[in-house]
Each structure stands twice: as structure tokens, then as C-alpha cells.
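Data block for input-v7.pdb (PDB, C-alpha atoms):
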```pdb
MODEL        1
ATOM      1  CA  MET A 119    -127.437 -30.608   1.380
ATOM      2  CA  GLY A 120    -123.790 -29.768   1.748
ATOM      3  CA  ALA A 121    -121.949 -27.402   4.039
ATOM      4  CA  GLY A 122    -124.415 -24.535   3.591
ATOM      5  CA  ASP A 123    -127.327 -26.682   4.721
ATOM      6  CA  ARG A 124    -125.297 -28.049   7.627
ATOM      7  CA  GLU A 125    -124.522 -24.498   8.783
ATOM      8  CA  ARG A 126    -128.153 -23.391   8.374
ATOM      9  CA  TRP A 127    -129.525 -26.330  10.371
ATOM     10  CA  ASN A 128    -126.766 -26.055  12.962
ATOM     11  CA  GLU A 129    -127.770 -22.436  13.494
ATOM     12  CA  LYS A 130    -131.425 -23.382  13.863
ATOM     13  CA  TRP A 131    -130.712 -26.213  16.304
ATOM     14  CA  SER A 132    -128.317 -23.972  18.280
ATOM     15  CA  SER A 133    -130.989 -21.339  18.920
ATOM     16  CA  VAL A 134    -133.229 -22.091  21.866
ATOM     17  CA  GLY A 135    -136.848 -22.508  20.813
ATOM     18  CA  THR A 136    -136.189 -22.804  17.091
ATOM     19  CA  GLY A 137    -135.812 -25.672  14.732
ATOM     20  CA  THR A 138    -138.929 -27.729  14.230
ATOM     21  CA  ASP A 139    -141.220 -29.541  16.583
ATOM     22  CA  HIS A 140    -143.680 -30.612  13.879
ATOM     23  CA  GLN A 141    -142.075 -34.042  13.691
ATOM     24  CA  SER A 142    -143.682 -34.957  17.003
ATOM     25  CA  GLN A 143    -146.916 -35.380  14.996
ATOM     26  CA  LEU A 144    -145.375 -38.557  13.615
ATOM     27  CA  VAL A 145    -145.891 -40.333  16.922
ATOM     28  CA  ASP A 146    -149.642 -39.643  16.872
ATOM     29  CA  LEU A 147    -149.850 -40.412  13.159
ATOM     30  CA  LEU A 148    -148.194 -43.831  13.534
ATOM     31  CA  GLU A 149    -149.877 -44.748  16.836
ATOM     32  CA  PRO A 150    -152.484 -47.176  15.411
ATOM     33  CA  TRP A 151    -149.777 -49.217  13.644
ATOM     34  CA  LEU A 152    -146.782 -48.729  15.965
ATOM     35  CA  PRO A 153    -145.144 -51.995  17.068
ATOM     36  CA  ASP A 154    -143.718 -52.487  20.567
ATOM     37  CA  SER A 155    -140.229 -53.147  19.193
ATOM     38  CA  GLY A 156    -138.180 -52.867  16.027
ATOM     39  CA  ARG A 157    -135.634 -50.675  14.246
ATOM     40  CA  LEU A 158    -136.708 -47.104  13.402
ATOM     41  CA  LEU A 159    -134.821 -44.688  11.142
ATOM     42  CA  ASP A 160    -135.697 -41.028  11.670
ATOM     43  CA  VAL A 161    -134.659 -39.272   8.421
ATOM     44  CA  ALA A 162    -133.521 -35.644   8.849
ATOM     45  CA  GLY A 163    -134.788 -35.753  12.432
ATOM     46  CA  GLY A 164    -132.087 -33.619  14.055
ATOM     47  CA  GLY A 165    -133.001 -32.848  17.641
ATOM     48  CA  SER A 166    -136.725 -33.471  17.225
ATOM     49  CA  PRO A 167    -138.530 -34.891  20.247
ATOM     50  CA  ALA A 168    -140.138 -37.647  18.137
ATOM     51  CA  ALA A 169    -137.018 -39.826  18.271
ATOM     52  CA  ILE A 170    -137.079 -39.743  22.068
ATOM     53  CA  GLU A 171    -140.773 -40.655  22.172
ATOM     54  CA  PHE A 172    -140.265 -43.550  19.769
ATOM     55  CA  ALA A 173    -137.355 -44.815  21.913
ATOM     56  CA  ARG A 174    -139.516 -44.439  25.022
ATOM     57  CA  ARG A 175    -142.012 -46.775  23.352
ATOM     58  CA  GLY A 176    -139.368 -49.501  23.013
ATOM     59  CA  LEU A 177    -138.081 -48.913  19.487
ATOM     60  CA  ASP A 178    -134.402 -49.053  18.536
ATOM     61  CA  VAL A 179    -134.046 -45.522  17.097
ATOM     62  CA  THR A 180    -131.407 -44.110  14.747
ATOM     63  CA  VAL A 181    -131.542 -40.438  13.716
ATOM     64  CA  ALA A 182    -129.847 -39.497  10.419
ATOM     65  CA  ASP A 183    -129.255 -35.790   9.803
ATOM     66  CA  VAL A 184    -126.752 -33.353   8.297
ATOM     67  CA  SER A 185    -126.660 -31.222  11.463
ATOM     68  CA  ASP A 186    -124.110 -32.295  14.053
ATOM     69  CA  VAL A 187    -125.714 -29.780  16.454
ATOM     70  CA  GLY A 188    -129.161 -31.346  15.970
ATOM     71  CA  LEU A 189    -127.716 -34.820  16.462
ATOM     72  CA  ALA A 190    -125.906 -33.690  19.619
ATOM     73  CA  ALA A 191    -129.245 -32.360  20.908
ATOM     74  CA  ALA A 192    -130.843 -35.752  20.175
ATOM     75  CA  ARG A 193    -128.114 -37.493  22.196
ATOM     76  CA  VAL A 194    -128.509 -35.033  25.105
ATOM     77  CA  HIS A 195    -132.292 -35.474  25.170
ATOM     78  CA  ALA A 196    -131.929 -39.261  24.995
ATOM     79  CA  GLN A 197    -129.389 -39.282  27.810
ATOM     80  CA  ALA A 198    -131.617 -37.053  29.967
ATOM     81  CA  ALA A 199    -134.494 -39.483  29.379
ATOM     82  CA  ARG A 200    -132.169 -42.453  30.048
ATOM     83  CA  LEU A 201    -132.836 -43.835  26.594
ATOM     84  CA  ALA A 202    -130.571 -45.043  23.813
ATOM     85  CA  VAL A 203    -130.779 -43.221  20.478
ATOM     86  CA  ALA A 204    -128.124 -43.741  17.801
ATOM     87  CA  THR A 205    -127.163 -40.866  15.508
ATOM     88  CA  VAL A 206    -125.646 -40.783  12.020
ATOM     89  CA  GLU A 207    -124.308 -37.555  10.554
ATOM     90  CA  THR A 208    -124.997 -37.725   6.838
ATOM     91  CA  ASP A 209    -125.622 -35.452   3.879
ATOM     92  CA  LEU A 210    -128.738 -37.065   2.449
ATOM     93  CA  GLU A 211    -128.226 -35.395  -0.926
ATOM     94  CA  ALA A 212    -124.795 -37.016  -1.344
ATOM     95  CA  ASP A 213    -124.734 -40.070   0.935
ATOM     96  CA  PRO A 214    -126.931 -43.160   0.951
ATOM     97  CA  LEU A 215    -129.471 -43.738   3.687
ATOM     98  CA  PRO A 216    -128.173 -45.869   6.551
ATOM     99  CA  THR A 217    -128.340 -49.560   5.728
ATOM    100  CA  GLY A 218    -131.538 -51.330   6.626
ATOM    101  CA  PRO A 219    -133.707 -53.111   6.773
ATOM    102  CA  TRP A 220    -135.762 -50.798   8.985
ATOM    103  CA  ASP A 221    -139.076 -51.744  10.546
ATOM    104  CA  ILE A 222    -140.136 -48.092  10.518
ATOM    105  CA  ILE A 223    -138.822 -45.056   8.657
ATOM    106  CA  THR A 224    -140.063 -41.579   9.527
ATOM    107  CA  VAL A 225    -139.521 -38.241   7.815
ATOM    108  CA  ALA A 226    -141.029 -34.872   8.646
ATOM    109  CA  ASN A 227    -140.521 -31.436   7.174
ATOM    110  CA  TYR A 228    -137.854 -32.642   4.772
ATOM    111  CA  LEU A 229    -138.638 -33.114   1.103
ATOM    112  CA  GLN A 230    -136.101 -34.777  -1.138
ATOM    113  CA  ARG A 231    -138.201 -36.511  -3.740
ATOM    114  CA  ASP A 232    -135.443 -38.821  -4.995
ATOM    115  CA  LEU A 233    -134.950 -40.167  -1.461
ATOM    116  CA  PHE A 234    -138.360 -41.854  -1.272
ATOM    117  CA  GLY A 235    -137.264 -44.751  -3.488
ATOM    118  CA  ALA A 236    -134.349 -45.474  -1.153
ATOM    119  CA  MET A 237    -136.658 -45.313   1.863
ATOM    120  CA  VAL A 238    -138.971 -47.886   0.247
ATOM    121  CA  GLU A 239    -135.981 -50.144  -0.527
ATOM    122  CA  ARG A 240    -134.671 -49.902   3.052
ATOM    123  CA  LEU A 241    -137.988 -50.898   4.638
ATOM    124  CA  ALA A 242    -138.236 -54.454   5.916
ATOM    125  CA  PRO A 243    -141.141 -56.518   4.560
ATOM    126  CA  GLY A 244    -144.173 -55.307   6.497
ATOM    127  CA  GLY A 245    -142.235 -52.174   7.496
ATOM    128  CA  LEU A 246    -143.934 -48.815   7.974
ATOM    129  CA  LEU A 247    -143.185 -45.407   6.503
ATOM    130  CA  GLY A 248    -144.533 -42.330   8.305
ATOM    131  CA  VAL A 249    -144.381 -38.927   6.579
ATOM    132  CA  VAL A 250    -145.387 -35.382   7.565
ATOM    133  CA  ILE A 251    -144.579 -32.698   4.961
ATOM    134  CA  ALA A 252    -146.250 -29.374   4.158
ATOM    135  CA  THR A 253    -148.033 -28.955   0.827
ATOM    136  CA  GLU A 254    -148.159 -26.072  -1.660
ATOM    137  CA  THR A 255    -151.505 -25.065  -0.141
ATOM    138  CA  ASN A 256    -149.465 -23.926   2.861
ATOM    139  CA  LEU A 257    -148.379 -20.877   0.815
ATOM    140  CA  GLU A 258    -151.920 -19.499   1.083
ATOM    141  CA  ARG A 259    -151.186 -18.568   4.707
ATOM    142  CA  ARG A 260    -147.410 -18.834   5.142
ATOM    143  CA  ASP A 261    -144.338 -17.737   3.202
ATOM    144  CA  LYS A 262    -142.185 -20.630   4.412
ATOM    145  CA  PRO A 263    -141.224 -23.210   3.578
ATOM    146  CA  GLY A 264    -140.784 -22.186  -0.026
ATOM    147  CA  ARG A 265    -142.308 -24.010  -2.988
ATOM    148  CA  PRO A 266    -139.285 -26.337  -3.606
ATOM    149  CA  PHE A 267    -139.814 -27.798  -0.121
ATOM    150  CA  LEU A 268    -143.564 -28.389  -0.518
ATOM    151  CA  LEU A 269    -145.519 -31.316  -1.906
ATOM    152  CA  GLY A 270    -148.046 -30.845  -4.674
ATOM    153  CA  ARG A 271    -151.673 -31.810  -4.077
ATOM    154  CA  ASN A 272    -151.907 -35.605  -3.605
ATOM    155  CA  GLU A 273    -148.282 -35.983  -4.740
ATOM    156  CA  LEU A 274    -146.999 -37.970  -1.764
ATOM    157  CA  PRO A 275    -148.635 -41.327  -2.579
ATOM    158  CA  THR A 276    -147.205 -41.139  -6.121
ATOM    159  CA  LEU A 277    -143.675 -41.073  -4.653
ATOM    160  CA  LEU A 278    -144.194 -44.469  -2.988
ATOM    161  CA  PRO A 279    -144.822 -47.125  -5.624
ATOM    162  CA  GLY A 280    -145.169 -50.615  -4.224
ATOM    163  CA  LEU A 281    -146.308 -49.549  -0.760
ATOM    164  CA  GLU A 282    -149.767 -50.107   0.689
ATOM    165  CA  ILE A 283    -151.162 -46.735   1.766
ATOM    166  CA  LEU A 284    -152.704 -47.184   5.225
ATOM    167  CA  HIS A 285    -153.486 -43.499   5.797
ATOM    168  CA  HIS A 286    -153.166 -40.362   3.693
ATOM    169  CA  SER A 287    -154.661 -36.972   4.439
ATOM    170  CA  GLU A 288    -153.947 -33.383   3.479
ATOM    171  CA  ASP A 289    -155.385 -30.604   5.608
ATOM    172  CA  TRP A 290    -154.703 -27.565   7.760
ATOM    173  CA  ARG A 291    -153.247 -28.892  11.004
ATOM    174  CA  ASP A 292    -153.312 -27.600  14.575
ATOM    175  CA  ASN A 293    -149.815 -26.179  14.010
ATOM    176  CA  GLY A 294    -151.197 -23.781  11.358
ATOM    177  CA  ARG A 295    -149.579 -25.626   8.442
ATOM    178  CA  HIS A 296    -151.235 -27.389   5.521
ATOM    179  CA  GLU A 297    -149.585 -30.802   5.612
ATOM    180  CA  ALA A 298    -149.725 -34.185   3.975
ATOM    181  CA  HIS A 299    -149.725 -36.996   6.546
ATOM    182  CA  LEU A 300    -149.088 -40.509   5.322
ATOM    183  CA  VAL A 301    -148.546 -43.990   6.724
ATOM    184  CA  ALA A 302    -147.664 -46.788   4.295
ATOM    185  CA  ARG A 303    -146.592 -50.428   4.612
ATOM    186  CA  ARG A 304    -144.182 -52.422   2.475
TER
ENDMDL
END
```
Translate this structure into C-alpha cells?
Amino acid sequence: MGAGDRERWNEKWSSVGTGTDHQSQLVDLLEPWLPDSGRLLDVAGGGSPAAIEFARRGLDVTVADVSDVGLAAARVHAQAARLAVATVETDLEADPLPTGPWDIITVANYLQRDLFGAMVERLAPGGLLGVVIATETNLERRDKPGRPFLLGRNELPTLLPGLEILHHSEDWRDNGRHEAHLVARR
């Protein structure tokens, strides 16, 4: 990611009403398998409301992101909700994922293909991975995100060797994006 990505995401998180709210779909996606307690790592979650909802449901949440502004927003939202959410500022392209094991790892709207192996390794036995990422089909109706940030058709399961796929679907979603949604268990 680096400094340029940090600045870009800081700008997005600093602007009221921008950034992404698509990650909140992770809560609904994981609902059938969501435990009442455990450690959850929200990868590239910034100030997304999903972390707060997961904490509200009793999970011990850590958000890892390059944006200090997004992480500050996560802390403010958690404090306002009287919940504890830990934050880790990290450049995921240069730094390792926070040490696990994690009972749940979530990632939405962030595609770094070489990071999936580390996510699998950091999952506790029986741990869950929840993913929401747009696919190349999204370009039929939208210019962004660009092709480097989009999954190919049915690519996501191939990035997760050794995990049991509990749910995988690719479709146009209510948010107007064509997304892959996946839940897998180690």
C-alpha cells in the first residue's frame, strides 16, 4: 500500500459520507455461522460499521488498516457505542497480518491475492473467513473499482486451499455491485 494508499484512504475516510459501507454486508453474510464470542480480525476495515456490529454481538474485534483516519473513526464509533474495538495501523502490502489465531477473519472491498494464504494460516482450527469483493462482471455497469481490484469469475474459492467452503455466491447485489460473497471454515 504505502504512503500513497494511506493518503488516498485517509482522504476518503475524512470526507463525510464517503469511504465504503459495503463491508456491513459481512454481518449478514456470516450470520448463520457467527459465534457468540471469539477473536475477529477485520482486514482493511478502516472505519466500516461492520466492526462495531461484530463487537456489539460479543466478539473481540481488531481492525487492521493502513488509514490512521479510518482507524480513528473506528475508535470513535466504538466509543460512542460503548464498545471495545482494537485497531492496528499496518501496511498490508509490506507488513504481516496481526498475529493470530483468529476465530473469524473478515475482508471486504480489498483484494490482495497474496494475503489470502496468510489469512488461512492465521485462522484458528474451526475459524471462519468472510469475504465480500467485487468481481470483473462489475465493470459491465461501473467503472470502479478497476480491474486490478476485482476478482475473476469463481476465482475466490481458488485462493483458499485447505478451507471448507460453507457459502459462495457471485451476483448483482442490492448495492448495485457484482460481488463474490464467501464464508469458509478452517
Next on the checklist: From (-140.0, -35.4, 17.5), in the file's coordinates, out to 12 Å: which residues are reached, counting only C-alpha atoms? Answer as a ChimeraX atom specification.
Outcome noted: /A:137-147,160-174,179,181,188,191-192,195-196,224-227,250
Next on the checklist: To one decimal place in Å, what is the distance between atom CA of Leu241 of chain A and atom CA of His285 of chain A?
Outcome noted: 17.2 Å
Checklist outcome for this item: Counting all atoms listed in the file, closest pick from A:Arg260, A:Arg157, A:Arg200, A:Arg175 relative to Thr217 of chain A is A:Arg157
Item to check | Residue nearest Leu201 of chain A - candidates A:Leu177, A:Ile222, A:Leu215, A:Val187, atoms counted: only C-alpha atoms | outcome: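 Closest to Leu201 of chain A, using only C-alpha atoms: A:Leu177.
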Checklist outcome for this item: In terms of only C-alpha atoms, the residue from A:Asp261, A:Val184, A:Leu281, A:Ile223 at minimal distance from Val249 of chain A is A:Ile223
Checklist entry - When distances are computed from all atoms listed in the file, which of A:Leu257, A:Arg303, A:Arg271, A:Leu159 shows the smallest separation from Gly218 of chain A? => result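 Among the listed residues, A:Leu159 lies closest to Gly218 of chain A.
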Checklist entry - Expressed in Å to a single decimal, how great is the separation between atom CA of Ala190 of chain A and atom CA of Trp220 of chain A? => result 22.4 Å
Item to check | the PyMOL selection byres ((chain A and resi 291) around 12) resolved against shown file, as number ranges by chain | outcome: A: 140, 143, 250-253, 255-256, 287-290, 292-299
If we count only C-alpha atoms and set the cut-off at 12 Å, which residues sit around Arg231 of chain A, ignoring sequence neighbours fewer than 5 positions away in its own chain? Please answer as a PDB file with C-alpha atoms, in the coordinates of the input.
```pdb
ATOM      1  CA  LEU A 210    -128.738 -37.065   2.449  1.00  0.00           C
ATOM      2  CA  GLU A 211    -128.226 -35.395  -0.926  1.00  0.00           C
ATOM      3  CA  VAL A 225    -139.521 -38.241   7.815  1.00  0.00           C
ATOM      4  CA  ALA A 236    -134.349 -45.474  -1.153  1.00  0.00           C
ATOM      5  CA  MET A 237    -136.658 -45.313   1.863  1.00  0.00           C
ATOM      6  CA  ILE A 251    -144.579 -32.698   4.961  1.00  0.00           C
ATOM      7  CA  PRO A 266    -139.285 -26.337  -3.606  1.00  0.00           C
ATOM      8  CA  PHE A 267    -139.814 -27.798  -0.121  1.00  0.00           C
ATOM      9  CA  LEU A 268    -143.564 -28.389  -0.518  1.00  0.00           C
ATOM     10  CA  LEU A 269    -145.519 -31.316  -1.906  1.00  0.00           C
ATOM     11  CA  GLY A 270    -148.046 -30.845  -4.674  1.00  0.00           C
ATOM     12  CA  GLU A 273    -148.282 -35.983  -4.740  1.00  0.00           C
ATOM     13  CA  LEU A 274    -146.999 -37.970  -1.764  1.00  0.00           C
ATOM     14  CA  PRO A 275    -148.635 -41.327  -2.579  1.00  0.00           C
ATOM     15  CA  THR A 276    -147.205 -41.139  -6.121  1.00  0.00           C
ATOM     16  CA  LEU A 277    -143.675 -41.073  -4.653  1.00  0.00           C
ATOM     17  CA  LEU A 278    -144.194 -44.469  -2.988  1.00  0.00           C
TER      18      LEU A 278
END
```
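Separating atom CA of Ala302 of chain A from atom CA of Leu284 of chain A is a distance of 5.1 Å.
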With all atoms of segment 190-194 of chain A from the file as input, state the centre and edge lengths in Å to one decimal of the axis-aligned box that has 4 Å extra on each side, as AutoDock Vina command-line options.
```
--center_x -128.4 --center_y -34.9 --center_z 22.4 --size_x 12.9 --size_y 13.1 --size_z 13.5
```
Checklist entry - Pick from A:Asp183, A:Glu254, A:Glu149, A:Asp178: nearest to Asp213 of chain A, with all atoms listed in the file counted? => result A:Asp183
